[in-house]
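Just run23.cif here, mmCIF, C-alpha atoms and all ligand atoms:
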```
data_query
#
loop_
_atom_site.label_atom_id
_atom_site.label_comp_id
_atom_site.auth_asym_id
_atom_site.auth_seq_id
_atom_site.Cartn_x
_atom_site.Cartn_y
_atom_site.Cartn_z
CA MET A 1 101.71 -41.04 54.54
CA GLN A 2 98.13 -39.81 55.04
CA ALA A 3 97.38 -37.31 57.82
CA PRO A 4 94.80 -38.81 60.23
CA TYR A 5 92.21 -36.22 59.16
CA PRO A 6 91.47 -34.43 55.89
CA ILE A 7 93.32 -31.20 55.22
CA ILE A 8 91.79 -28.46 53.10
CA LEU A 9 93.92 -25.52 52.09
CA GLY A 10 92.25 -22.21 51.23
CA ILE A 11 94.24 -19.85 49.02
CA SER A 12 93.09 -16.24 49.08
CA GLY A 13 94.00 -14.12 46.09
CA SER A 14 92.70 -10.87 47.54
CA GLU A 15 94.99 -7.98 48.34
CA ARG A 16 92.49 -6.69 50.92
CA ALA A 17 92.93 -8.22 54.37
CA GLY A 18 89.52 -8.87 55.88
CA GLY A 19 87.80 -8.16 52.56
CA ASN A 20 84.99 -10.10 50.93
CA THR A 21 87.27 -12.89 49.74
CA ASP A 22 88.85 -13.42 53.15
CA LEU A 23 85.42 -13.40 54.78
CA ALA A 24 84.16 -16.02 52.34
CA LEU A 25 87.23 -18.19 52.85
CA ASP A 26 86.93 -17.88 56.65
CA TYR A 27 83.31 -18.98 56.32
CA ALA A 28 84.43 -22.02 54.32
CA GLY A 29 87.07 -22.72 56.96
CA ARG A 30 84.52 -22.74 59.75
CA LEU A 31 82.43 -25.27 57.82
CA VAL A 32 85.48 -27.46 57.17
CA ARG A 33 86.40 -27.48 60.88
CA GLU A 34 82.82 -28.38 61.81
CA ARG A 35 83.37 -31.50 59.70
CA ASP A 36 86.40 -32.48 61.82
CA ALA A 37 88.82 -31.62 59.07
CA GLU A 38 91.77 -29.23 59.23
CA PHE A 39 91.58 -25.93 57.38
CA ARG A 40 94.74 -24.04 56.49
CA THR A 41 94.95 -20.69 54.76
CA ILE A 42 97.47 -18.99 52.53
CA HIS A 43 97.01 -15.32 51.74
CA LEU A 44 98.96 -14.69 48.57
CA ARG A 45 99.39 -11.01 49.53
CA ASP A 46 101.61 -12.09 52.47
CA HIS A 47 104.08 -13.84 50.17
CA LEU A 48 106.79 -12.87 47.78
CA ILE A 49 105.60 -14.12 44.40
CA SER A 50 107.43 -12.81 41.36
CA PRO A 51 105.51 -12.56 38.12
CA CYS A 52 106.67 -14.76 35.25
CA SER A 53 109.77 -13.16 33.79
CA PRO A 54 110.66 -12.87 30.10
CA CYS A 55 113.13 -15.79 30.35
CA GLY A 56 110.63 -18.23 28.80
CA ASP A 57 112.91 -21.13 29.63
CA CYS A 58 110.08 -23.04 31.33
CA ASN A 59 109.14 -24.25 27.86
CA LEU A 60 112.38 -26.21 27.74
CA ARG A 61 112.87 -27.05 31.39
CA THR A 62 112.06 -30.38 32.98
CA THR A 63 112.67 -29.10 36.50
CA PRO A 64 110.96 -26.37 38.53
CA CYS A 65 111.39 -22.65 38.01
CA GLU A 66 114.50 -21.19 39.57
CA LEU A 67 113.15 -17.78 40.53
CA ARG A 68 113.81 -17.43 44.26
CA ASP A 69 110.61 -16.50 46.05
CA ASP A 70 107.88 -18.17 48.12
CA MET A 71 106.42 -20.24 45.30
CA SER A 72 108.08 -23.56 46.06
CA ALA A 73 107.05 -23.36 49.75
CA ILE A 74 103.45 -22.69 48.71
CA ILE A 75 103.50 -25.62 46.28
CA GLU A 76 104.68 -27.88 49.11
CA LYS A 77 101.71 -26.72 51.23
CA MET A 78 99.40 -27.53 48.32
CA LYS A 79 100.87 -31.02 48.04
CA GLU A 80 100.13 -31.69 51.72
CA ALA A 81 96.42 -30.93 51.33
CA ASP A 82 93.61 -33.30 50.34
CA GLY A 83 91.61 -30.41 48.96
CA ILE A 84 92.33 -26.86 47.83
CA ILE A 85 89.90 -23.95 47.63
CA TYR A 86 90.94 -21.11 45.32
CA ALA A 87 89.26 -17.86 46.42
CA ALA A 88 89.66 -14.71 44.37
CA PRO A 89 87.97 -11.42 43.54
CA VAL A 90 87.05 -10.19 40.07
CA HIS A 91 89.11 -7.21 38.92
CA GLY A 92 88.51 -5.45 35.62
CA PHE A 93 86.21 -8.26 34.38
CA GLY A 94 88.93 -10.84 35.02
CA LEU A 95 90.86 -12.68 37.68
CA ALA A 96 92.47 -10.31 40.22
CA HIS A 97 96.21 -10.06 39.69
CA LEU A 98 97.53 -11.89 42.77
CA MET A 99 95.77 -15.12 41.83
CA GLN A 100 96.56 -14.64 38.14
CA ILE A 101 100.29 -14.30 38.84
CA PHE A 102 100.15 -17.22 41.24
CA ILE A 103 98.39 -19.49 38.74
CA GLU A 104 100.87 -18.60 35.99
CA ARG A 105 103.93 -19.23 38.15
CA ALA A 106 102.52 -22.38 39.76
CA GLY A 107 101.41 -23.82 36.45
CA VAL A 108 104.37 -23.29 34.18
CA GLY A 109 107.01 -23.22 36.88
CA PHE A 110 106.05 -26.17 39.07
CA LEU A 111 102.89 -28.14 38.34
CA ARG A 112 103.28 -29.00 34.68
CA PHE A 113 106.03 -31.58 35.18
CA GLU A 114 104.43 -34.21 37.44
CA ARG A 115 100.91 -32.83 38.04
CA PRO A 116 101.28 -33.22 41.84
CA LEU A 117 97.77 -31.90 42.48
CA ALA A 118 96.21 -34.84 40.63
CA ASN A 119 93.25 -36.32 42.56
CA LYS A 120 93.12 -33.47 45.08
CA VAL A 121 89.62 -32.14 45.47
CA GLY A 122 89.20 -28.60 44.19
CA GLY A 123 86.88 -25.80 45.21
CA ILE A 124 86.40 -22.28 43.88
CA ILE A 125 85.02 -19.09 45.43
CA VAL A 126 84.75 -15.91 43.38
CA THR A 127 83.75 -12.60 44.94
CA GLY A 128 82.62 -9.58 42.96
CA ARG A 129 80.02 -6.87 42.54
CA ARG A 130 78.21 -8.67 39.71
CA TYR A 131 80.25 -8.49 36.46
CA SER A 132 82.20 -11.40 34.91
CA ASP A 133 82.42 -13.51 38.04
CA ALA A 134 81.29 -16.54 36.02
CA SER A 135 84.14 -16.15 33.52
CA VAL A 136 86.63 -15.94 36.37
CA HIS A 137 85.08 -19.08 37.82
CA ASN A 138 85.40 -20.82 34.46
CA GLN A 139 89.04 -19.84 34.20
CA ILE A 140 89.81 -21.44 37.54
CA VAL A 141 87.77 -24.55 36.62
CA ASP A 142 89.97 -25.00 33.55
CA ASN A 143 93.06 -24.61 35.66
CA LEU A 144 91.98 -27.18 38.25
CA LEU A 145 91.04 -29.65 35.53
CA LEU A 146 94.38 -29.08 33.82
CA ASN A 147 95.97 -30.08 37.10
CA ARG A 148 93.85 -33.24 37.20
CA MET A 149 92.07 -32.17 40.33
CA ILE A 150 88.61 -33.52 41.13
CA LEU A 151 85.74 -31.05 41.00
CA VAL A 152 82.62 -32.24 42.76
CA GLY A 153 79.35 -30.94 41.40
CA SER A 154 77.44 -29.30 44.22
CA GLY A 155 74.86 -27.08 42.55
CA PHE A 156 75.41 -23.44 41.62
CA PRO A 157 78.95 -22.08 41.63
CA ALA A 158 80.08 -20.25 44.77
CA LEU A 159 79.90 -16.71 43.35
CA LEU A 160 79.47 -14.17 46.14
CA HIS A 161 78.17 -10.69 45.38
CA ASN A 162 78.60 -7.60 47.49
CA THR A 163 77.67 -4.18 46.11
CA SER A 164 78.62 -2.34 49.29
CA PRO A 165 82.13 -0.88 49.70
CA GLU A 166 82.19 -2.46 53.15
CA PRO A 167 83.32 -6.09 53.21
CA GLN A 168 80.44 -8.33 54.21
CA LEU A 169 78.80 -11.67 53.59
CA GLN A 170 75.39 -10.50 52.46
CA ASP A 171 74.75 -12.84 49.53
CA THR A 172 72.77 -15.67 51.08
CA GLU A 173 72.33 -17.53 47.79
CA GLY A 174 76.08 -17.42 47.18
CA LEU A 175 76.73 -18.63 50.72
CA GLU A 176 74.31 -21.50 50.25
CA ALA A 177 76.31 -22.55 47.17
CA LEU A 178 79.54 -22.20 49.13
CA GLU A 179 78.20 -24.41 51.92
CA ARG A 180 77.13 -27.10 49.48
CA MET A 181 80.52 -26.97 47.78
CA VAL A 182 82.44 -27.37 51.05
CA HIS A 183 80.31 -30.30 52.23
CA ARG A 184 80.63 -32.13 48.92
CA MET A 185 84.38 -31.52 48.94
CA VAL A 186 84.71 -33.04 52.41
CA ASP A 187 82.48 -35.97 51.41
CA MET A 188 84.59 -36.64 48.32
CA ILE A 189 87.83 -36.39 50.29
CA HIS A 190 86.52 -39.01 52.73
CA LEU A 191 85.62 -41.27 49.83
CA LEU A 192 89.06 -40.95 48.25
CA ARG A 193 90.82 -41.44 51.58
CA SER A 194 88.80 -44.55 52.42
CA HIS A 195 89.74 -46.06 49.05
CA GLN A 196 93.40 -45.25 49.66
CA ALA A 197 93.26 -46.70 53.18
CA ALA A 198 91.57 -49.91 52.00
CA THR A 199 93.73 -50.58 48.94
CA GLY A 200 96.93 -48.64 49.54
CA LYS A 201 96.40 -47.08 46.11
CA PRO A 202 94.91 -43.79 44.91
CA ALA A 203 91.35 -44.06 43.58
CA LEU A 204 92.45 -42.84 40.15
CA PRO A 205 95.72 -44.26 38.83
CA PRO A 206 98.53 -41.69 38.68
CA ASP A 207 99.79 -42.70 35.24
CA ASP A 208 100.04 -40.34 32.25
CA ARG A 209 101.59 -37.70 34.47
CA ASN A 210 101.53 -34.74 32.12
CA GLU A 211 100.33 -33.57 28.74
CA ARG A 212 103.82 -32.91 27.40
CA THR A 213 104.61 -36.59 27.19
CA ALA A 214 103.47 -37.89 23.83
CA ARG A 215 100.53 -40.24 24.02
CA PRO A 216 99.79 -42.02 20.77
CA LEU A 217 96.14 -41.99 19.74
CA ARG A 218 95.17 -45.60 20.30
CA LEU A 219 92.28 -45.86 17.91
CA LEU A 220 93.85 -43.87 15.07
CA ALA A 221 96.90 -46.12 15.34
CA GLY A 222 94.58 -49.05 14.60
CA ALA A 223 95.04 -50.73 17.98
CA GLY A 224 91.34 -51.60 18.08
CA ASP A 225 88.80 -51.10 20.79
CA THR A 226 88.83 -53.65 23.57
CA HIS A 227 85.97 -52.11 25.59
C1 LIG A 301 90.31 -2.75 40.83
C2 LIG A 301 88.98 -3.42 41.04
C3 LIG A 301 88.30 -3.90 39.93
C4 LIG A 301 87.09 -4.54 40.09
N1 LIG A 301 86.45 -5.05 38.99
C5 LIG A 301 85.29 -5.73 39.15
C6 LIG A 301 84.65 -6.32 38.02
O1 LIG A 301 85.10 -6.28 36.90
N2 LIG A 301 83.49 -7.01 38.24
C7 LIG A 301 82.92 -7.09 39.47
O2 LIG A 301 81.86 -7.70 39.61
N3 LIG A 301 83.52 -6.54 40.56
C8 LIG A 301 84.68 -5.85 40.42
N4 LIG A 301 85.30 -5.31 41.52
C9 LIG A 301 84.69 -5.51 42.83
C10 LIG A 301 85.36 -6.65 43.57
O3 LIG A 301 85.45 -7.80 42.77
C11 LIG A 301 84.59 -7.04 44.83
O4 LIG A 301 84.38 -5.93 45.65
C12 LIG A 301 85.33 -8.14 45.56
O5 LIG A 301 84.46 -8.78 46.44
C13 LIG A 301 86.51 -7.59 46.30
O6 LIG A 301 87.09 -8.59 47.08
P1 LIG A 301 87.98 -8.20 48.33
O7 LIG A 301 87.09 -7.50 49.31
O8 LIG A 301 88.51 -9.47 48.83
O9 LIG A 301 89.04 -7.29 47.79
C14 LIG A 301 86.50 -4.65 41.37
C15 LIG A 301 87.21 -4.15 42.48
C16 LIG A 301 88.43 -3.54 42.31
C17 LIG A 301 89.17 -3.03 43.52
#
```

What is this file in structure tokens?
Ligand SMILES: Cc1cc2nc3c(=O)[nH]c(=O)nc-3n(C[C@H](O)[C@H](O)[C@H](O)COP(=O)(O)O)c2cc1C
Amino acid sequence: MQAPYPIILGISGSERAGGNTDLALDYAGRLVRERDAEFRTIHLRDHLISPCSPCGDCNLRTTPCELRDDMSAIIEKMKEADGIIYAAPVHGFGLAHLMQIFIERAGVGFLRFERPLANKVGGIIVTGRRYSDASVHNQIVDNLLLNRMILVGSGFPALLHNTSPEPQLQDTEGLEALERMVHRMVDMIHLLRSHQAATGKPALPPDDRNERTARPLRLLAGAGDTH
């Protein structure tokens, strides 16, 4: 059952309340609300999220991870949204640990079985001083694509620089990119919702639910090309 208005969920992977990442996500939230959509936020730092343990049994499991923490509640919130913005700082030339742990647990523990984020519209905000933000962005792109989310091209990536120790939104070029991203996300969500409302079906068929199910190579198997 569709909510009457689009819902975008922002996930902050910063451990600093009110820091650059939170400011950027709040900015995105204000834009989303101006478009008559609902914006919800999850701050990973406020939740109990265990790192992946050495059990390794997720490789054999067909059901979600059994570690008892806040992960399954967060996954449910993600499922309710039409769009999800992942916002994270760069730490040590890579993805800051809260988002890294979250992505690992969400991916192997919950999302790999049925790909429930398929067709949700994804957005990414990376904050940093200036080093390796693009590689962090690329990492999150790969993760969203793995989850069959829809990334809408909107110009430059939303990479926000701040060289001051004080949290602030000073990077006007980064903010311009962020604005474009949010507007294109909302536009795409409206498009997908209008298709669903008109046909009762998702715009992209939800078959082939995960990559662990064998999928024979059609052309190598000699089935021919009908297109
Ligand atoms: C431990 C640590 C490591 C960092 N490493 C990098 C880095 O490799 N590259 C970079 O550009 N900025 C780095 N920064 C700066 C942060 O990415 C930047 O200040 C970011 O906006 C912080 O977000 P926050 O205010 O939400 O915590 C680092 C900051 C910290 C605390």

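The interatomic distance for the pair CA of Val32 (chain A) and CA of Met185 (chain A) works out to 9.2 Å.
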
The distance between CA of Tyr27 (chain A) and CA of Pro167 (chain A) is 13.3 Å

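In this comparison, which uses all atoms listed in the file, the residue of A:Ile8, A:Leu44, A:Leu191, A:Ala158 approaching Leu175 (chain A) most closely is A:Ala158.
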
12 Å shell around ligand LIG 301 (chain A) using all atoms listed in the file, listed as a JSON list (two decimals) with C-alpha atoms, in the frame of the given file:
```json
[["chain", "number", "residue", "atom", "x", "y", "z"],
["A", 11, "ILE", "CA", 94.24, -19.85, 49.02],
["A", 12, "SER", "CA", 93.09, -16.24, 49.08],
["A", 13, "GLY", "CA", 94.00, -14.12, 46.09],
["A", 14, "SER", "CA", 92.70, -10.87, 47.54],
["A", 15, "GLU", "CA", 94.99, -7.98, 48.34],
["A", 16, "ARG", "CA", 92.49, -6.69, 50.92],
["A", 17, "ALA", "CA", 92.93, -8.22, 54.37],
["A", 18, "GLY", "CA", 89.52, -8.87, 55.88],
["A", 19, "GLY", "CA", 87.80, -8.16, 52.56],
["A", 20, "ASN", "CA", 84.99, -10.10, 50.93],
["A", 21, "THR", "CA", 87.27, -12.89, 49.74],
["A", 22, "ASP", "CA", 88.85, -13.42, 53.15],
["A", 23, "LEU", "CA", 85.42, -13.40, 54.78],
["A", 24, "ALA", "CA", 84.16, -16.02, 52.34],
["A", 25, "LEU", "CA", 87.23, -18.19, 52.85],
["A", 26, "ASP", "CA", 86.93, -17.88, 56.65],
["A", 43, "HIS", "CA", 97.01, -15.32, 51.74],
["A", 44, "LEU", "CA", 98.96, -14.69, 48.57],
["A", 45, "ARG", "CA", 99.39, -11.01, 49.53],
["A", 87, "ALA", "CA", 89.26, -17.86, 46.42],
["A", 88, "ALA", "CA", 89.66, -14.71, 44.37],
["A", 89, "PRO", "CA", 87.97, -11.42, 43.54],
["A", 90, "VAL", "CA", 87.05, -10.19, 40.07],
["A", 91, "HIS", "CA", 89.11, -7.21, 38.92],
["A", 92, "GLY", "CA", 88.51, -5.45, 35.62],
["A", 93, "PHE", "CA", 86.21, -8.26, 34.38],
["A", 94, "GLY", "CA", 88.93, -10.84, 35.02],
["A", 95, "LEU", "CA", 90.86, -12.68, 37.68],
["A", 96, "ALA", "CA", 92.47, -10.31, 40.22],
["A", 97, "HIS", "CA", 96.21, -10.06, 39.69],
["A", 98, "LEU", "CA", 97.53, -11.89, 42.77],
["A", 99, "MET", "CA", 95.77, -15.12, 41.83],
["A", 125, "ILE", "CA", 85.02, -19.09, 45.43],
["A", 126, "VAL", "CA", 84.75, -15.91, 43.38],
["A", 127, "THR", "CA", 83.75, -12.60, 44.94],
["A", 128, "GLY", "CA", 82.62, -9.58, 42.96],
["A", 129, "ARG", "CA", 80.02, -6.87, 42.54],
["A", 130, "ARG", "CA", 78.21, -8.67, 39.71],
["A", 131, "TYR", "CA", 80.25, -8.49, 36.46],
["A", 132, "SER", "CA", 82.20, -11.40, 34.91],
["A", 133, "ASP", "CA", 82.42, -13.51, 38.04],
["A", 134, "ALA", "CA", 81.29, -16.54, 36.02],
["A", 135, "SER", "CA", 84.14, -16.15, 33.52],
["A", 136, "VAL", "CA", 86.63, -15.94, 36.37],
["A", 137, "HIS", "CA", 85.08, -19.08, 37.82],
["A", 159, "LEU", "CA", 79.90, -16.71, 43.35],
["A", 160, "LEU", "CA", 79.47, -14.17, 46.14],
["A", 161, "HIS", "CA", 78.17, -10.69, 45.38],
["A", 162, "ASN", "CA", 78.60, -7.60, 47.49],
["A", 163, "THR", "CA", 77.67, -4.18, 46.11],
["A", 164, "SER", "CA", 78.62, -2.34, 49.29],
["A", 165, "PRO", "CA", 82.13, -0.88, 49.70],
["A", 166, "GLU", "CA", 82.19, -2.46, 53.15],
["A", 167, "PRO", "CA", 83.32, -6.09, 53.21],
["A", 168, "GLN", "CA", 80.44, -8.33, 54.21],
["A", 169, "LEU", "CA", 78.80, -11.67, 53.59],
["A", 170, "GLN", "CA", 75.39, -10.50, 52.46],
["A", 171, "ASP", "CA", 74.75, -12.84, 49.53]]
```

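In this structure, CA of Leu144 (chain A) sits 15.3 Å away from CA of Ile101 (chain A).
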
Quick one: everything within 10 Å of Glu114 (chain A), counting only C-alpha atoms, minus sequence neighbours fewer than 6 positions away in the same chain. Send it as a VMD selection string.
-> chain A and resid 62 to 63 147 206 to 211

Same residues, C-alpha atoms, saved as an mmCIF file, in the coordinates of the input:
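Written output follows (out.cif):
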```
data_model
loop_
_atom_site.group_PDB
_atom_site.id
_atom_site.type_symbol
_atom_site.label_atom_id
_atom_site.label_comp_id
_atom_site.auth_asym_id
_atom_site.auth_seq_id
_atom_site.Cartn_x
_atom_site.Cartn_y
_atom_site.Cartn_z
ATOM 1 C CA THR A 62 112.060 -30.380 32.980
ATOM 2 C CA THR A 63 112.670 -29.100 36.500
ATOM 3 C CA ASN A 147 95.970 -30.080 37.100
ATOM 4 C CA PRO A 206 98.530 -41.690 38.680
ATOM 5 C CA ASP A 207 99.790 -42.700 35.240
ATOM 6 C CA ASP A 208 100.040 -40.340 32.250
ATOM 7 C CA ARG A 209 101.590 -37.700 34.470
ATOM 8 C CA ASN A 210 101.530 -34.740 32.120
ATOM 9 C CA GLU A 211 100.330 -33.570 28.740
#
```

Find the residues around Asp36 (chain A) up to 10 Å (all atoms listed in the file counted), leave out those fewer than 2 positions away in its own chain, and share them as a PyMOL selection string.
-> chain A and resi 5-7+31-34+38-39+186

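The nearest approach to Gly174 (chain A) among the residues A:Leu9, A:Ala28, A:Leu145, A:Ile84, with all atoms listed in the file taken into account, belongs to A:Ala28.
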
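Distance check against Ala203 (chain A) using only C-alpha atoms: of A:Ile42, A:Leu178, A:Ala3, A:Ala118, the minimum falls on A:Ala118.
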